[in-house]
Amino acid sequence: MCIARSLQEFATVLRNLEDERMRMIENAGEVLITPLEKFRKEQIGAAKEAKKKYDKETEKYCGILEKHLNLSSKKKESQLQEADSQVDLVRQHFYEVSLEYVFKVQEVQERKMFDFVEPLLAFLQGLFTFYHHGYELAKDFSDFKTQLTISIQNTRNRFEGTRSEVESLMKKMKENPLEHKTISPYSMEGYLYVQEKRHFGTSWVKHYCTYQRDSKQITMVPFDQKSGGKGGEDESVTLKSCTRRKTDSIEKRFCFDVEAVDRPGVITMQALSEEDRRLWMEAMDGREPVYNSNKDSQSEGTAQLDSIGFSIIRKCIHAVETRGINEQGLYRIVGVNSRVQKLLSVLMDPKTASETEVDICAEWEIKTITSALKTYLRMLPGPLMMYQFQRSFIKAAKLENQESRVSEIHSLVHRLPEKNRQMLQLLMNHLANVANNHKQNLMTVANLGVVFGPTLLRPQEETVAAIMDIKFQNIVIEILIENHEKIFNTVPDLPLTNAQLHLSRKKSSDSKPPSCSERPLTLFHAIQSTEKHEQRNSIINSSLESVVSSNTNSILNSSSSLQPNMNSSDPDLDVLKPTRPSSLTPFRKAKALYACKAEHDSELSFTAGTVFDNVHPSQEPGWLEGTLNGKTGLIPENYVEFL
């Protein structure tokens, strides 16, 4: 309003002085043209430069952000952290440039209210000085001039105060960006990349998305970076569920899946960062993905130990030994899941199963081939070393004498079905070759045991006892690798009788107290799943030593007639065992025969001779529950005798 009224008054004066205008043009440059030109160059020009800088930084930031989001999640953690740090620096610089541009535009808007009017006033003041006959006109103009001068001064004062406040706010926003977010009617809003399916694959399209928690409404607006505006029609859906996407299920980072009530299928979205994904999932009440610990059940029965199965394993082994035996992290570094599944589909196709190793595997990465080999073994209907022998292998690994461990495992391997043993021999020969090159590939026998133990010797049920025995699975694989020539190429010796086995263990235990991880081998048959409910209340009525002392003679006399049934499905038939008593009185007292140190919070630590209260059967096979000094926990069943 100040500018409009001023211009009206100036126009009236200029019309009256038109005849003297030409003479006044000579002085117009200093009082009028130069200040306005200066304002244009310094203020408006600076604003334009700030705009160019802002546009350049915007393009740079968006470009770097897209490259960052396209980084594979399989890269090294150090590379990902370095990329995240670089994006944070660019984002911070972009944020500062944006604030400086907004500040400059606001400054020009405020400054033009006096920098534009003031030169005009000076020009008119010159007119009054130079034109003597304009005295009366100047006198009439003086009142308005005074009013306008006061108004300009007030405007200037307001500008100074406003400018200091805006500058202070800008500094606060730079220091604490999160504390000065714009108040929005939406629960969450921002840019997301949405996966869209095309005829020849998929693409990721940038959208500006908003979410309203009350109505569960998600609005997605396609965004065109080049034009800086809307790139298509809006789409609104009603949220049904939101789930974080597993890292190993997709090559992109920061992804989550959204299901909509009014749209079929799953919408996969990619956030700008891990923090951004967390905020979106909190707003949408997102949940974590469900992990299936027994992954082999997903594809159980899809692989067999037939000619195709042996061909697949041989092809993978041939490719590894000819092209990647020295690759670091062999079998430990996993391949991309989609590539692994594609390779398996090619290898399991009967049309390509007869092709040579090189033809099949030359185009694939070594990590993809090794992952395919492990996946195929997990796809078998059961573990290669079979469920029924799993407990026997674990018991053999727990023997204190190394020679006894090898002998026991040697015997068990030759009780496996022919195809299982042949496949195991093929695999162990290969793993021994891998271990021989451990200086280059860093895969020692111990490392290979960790990788293949859970695959070849997994339990049928995931119990606490099974989890505790994982390290013994690894030991079994280590023994197989280190002694593969003896185990697979020689016939095992006859196993020890029950008495001989117990006496050898007792002699060893006299010199070294057993721990929970090295507990004595139980002398009772493992209860089958159909018998567990009926015999859960049975207990040991006497100590291990009393059992042995009362039965040693009869066992020794009959040992010559006891021969193991090599075709039996029971893994423990090679050792004679007395049966359990048929009854159990719950909540009895028991005395420890050996000392034990707990390896988990659920177990009890104790010394030999300790007396337990409220001892009763546990749901875990081979374990009892009891109370010691007010704490209730698990006790190895074969460590105690009931009082």
# chains A, B, ... in the order shown; residues from 1 in each chain; ligands from 1
>>> residues_around(residues="Gln390 (chain A)", least_positions_apart="2", cutoff="9 Å", atoms="only C-alpha atoms", output="ChimeraX atom specification")
/A:385-388,392-395,457-460,473,571
>>> residues_around(residues="region 98-111 of chain A", least_positions_apart="2", cutoff="8 Å", atoms="only C-alpha atoms", output="list of chain:residue names")
A:Gln43, A:Ile44, A:Ala46, A:Ala47, A:Ala50, A:Lys51, A:Tyr54, A:Phe94, A:Tyr95, A:Glu96, A:Met113, A:Phe114, A:Asp115, A:Phe159, A:Arg163, A:Val166, A:Glu167, A:Met170
>>> closest_residue(among="A:Asp306, A:Pro621, A:Ala590, A:Ala319", to="Thr463 (chain A)", atoms="only C-alpha atoms")
A:Pro621
>>> residues_around(residues="His410 (chain A)", least_positions_apart="3", cutoff="7 Å", atoms="only C-alpha atoms", output="MDAnalysis selection string")
chainID A and resid 406:407 413:414 487 492
>>> write_last_selection(atoms="N, CA, C and O atoms", output="mmCIF file, in the first residue's frame")
data_model
loop_
_atom_site.group_PDB
_atom_site.id
_atom_site.type_symbol
_atom_site.label_atom_id
_atom_site.label_comp_id
_atom_site.auth_asym_id
_atom_site.auth_seq_id
_atom_site.Cartn_x
_atom_site.Cartn_y
_atom_site.Cartn_z
ATOM 1 N N VAL A 406 36.871 -90.913 16.878
ATOM 2 C CA VAL A 406 37.047 -91.294 15.472
ATOM 3 C C VAL A 406 36.499 -92.691 15.226
ATOM 4 O O VAL A 406 35.813 -92.946 14.221
ATOM 5 N N SER A 407 36.768 -93.610 16.135
ATOM 6 C CA SER A 407 36.311 -94.987 15.972
ATOM 7 C C SER A 407 34.790 -95.067 15.966
ATOM 8 O O SER A 407 34.193 -95.773 15.147
ATOM 9 N N VAL A 413 29.266 -94.019 10.412
ATOM 10 C CA VAL A 413 29.225 -93.661 8.988
ATOM 11 C C VAL A 413 28.917 -94.889 8.138
ATOM 12 O O VAL A 413 28.156 -94.815 7.163
ATOM 13 N N HIS A 414 29.482 -96.033 8.514
ATOM 14 C CA HIS A 414 29.256 -97.244 7.727
ATOM 15 C C HIS A 414 27.900 -97.871 8.002
ATOM 16 O O HIS A 414 27.562 -98.891 7.382
ATOM 17 N N ILE A 487 38.036 -93.161 7.365
ATOM 18 C CA ILE A 487 36.622 -93.434 7.648
ATOM 19 C C ILE A 487 35.924 -94.033 6.437
ATOM 20 O O ILE A 487 35.127 -94.982 6.562
ATOM 21 N N PRO A 492 35.244 -100.385 9.584
ATOM 22 C CA PRO A 492 35.415 -100.090 11.016
ATOM 23 C C PRO A 492 35.618 -101.354 11.840
ATOM 24 O O PRO A 492 35.170 -102.450 11.472
#
>>> residues_around(residues="region 236-250 of chain A", least_positions_apart="2", cutoff="7 Å", atoms="only C-alpha atoms", output="MDAnalysis selection string")
chainID A and resid 216:220 234 252:253 255:263 281 284:289 337
>>> residues_around(residues="Lys38 (chain A)", least_positions_apart="4", cutoff="12 Å", atoms="only C-alpha atoms", output="VMD selection string")
chain A and resid 29 to 34 42 to 46 112 115 to 116 119
>>> closest_residue(among="A:Leu14, A:Leu448, A:Val346, A:Leu89", to="Tyr61 (chain A)", atoms="only C-alpha atoms")
A:Leu89
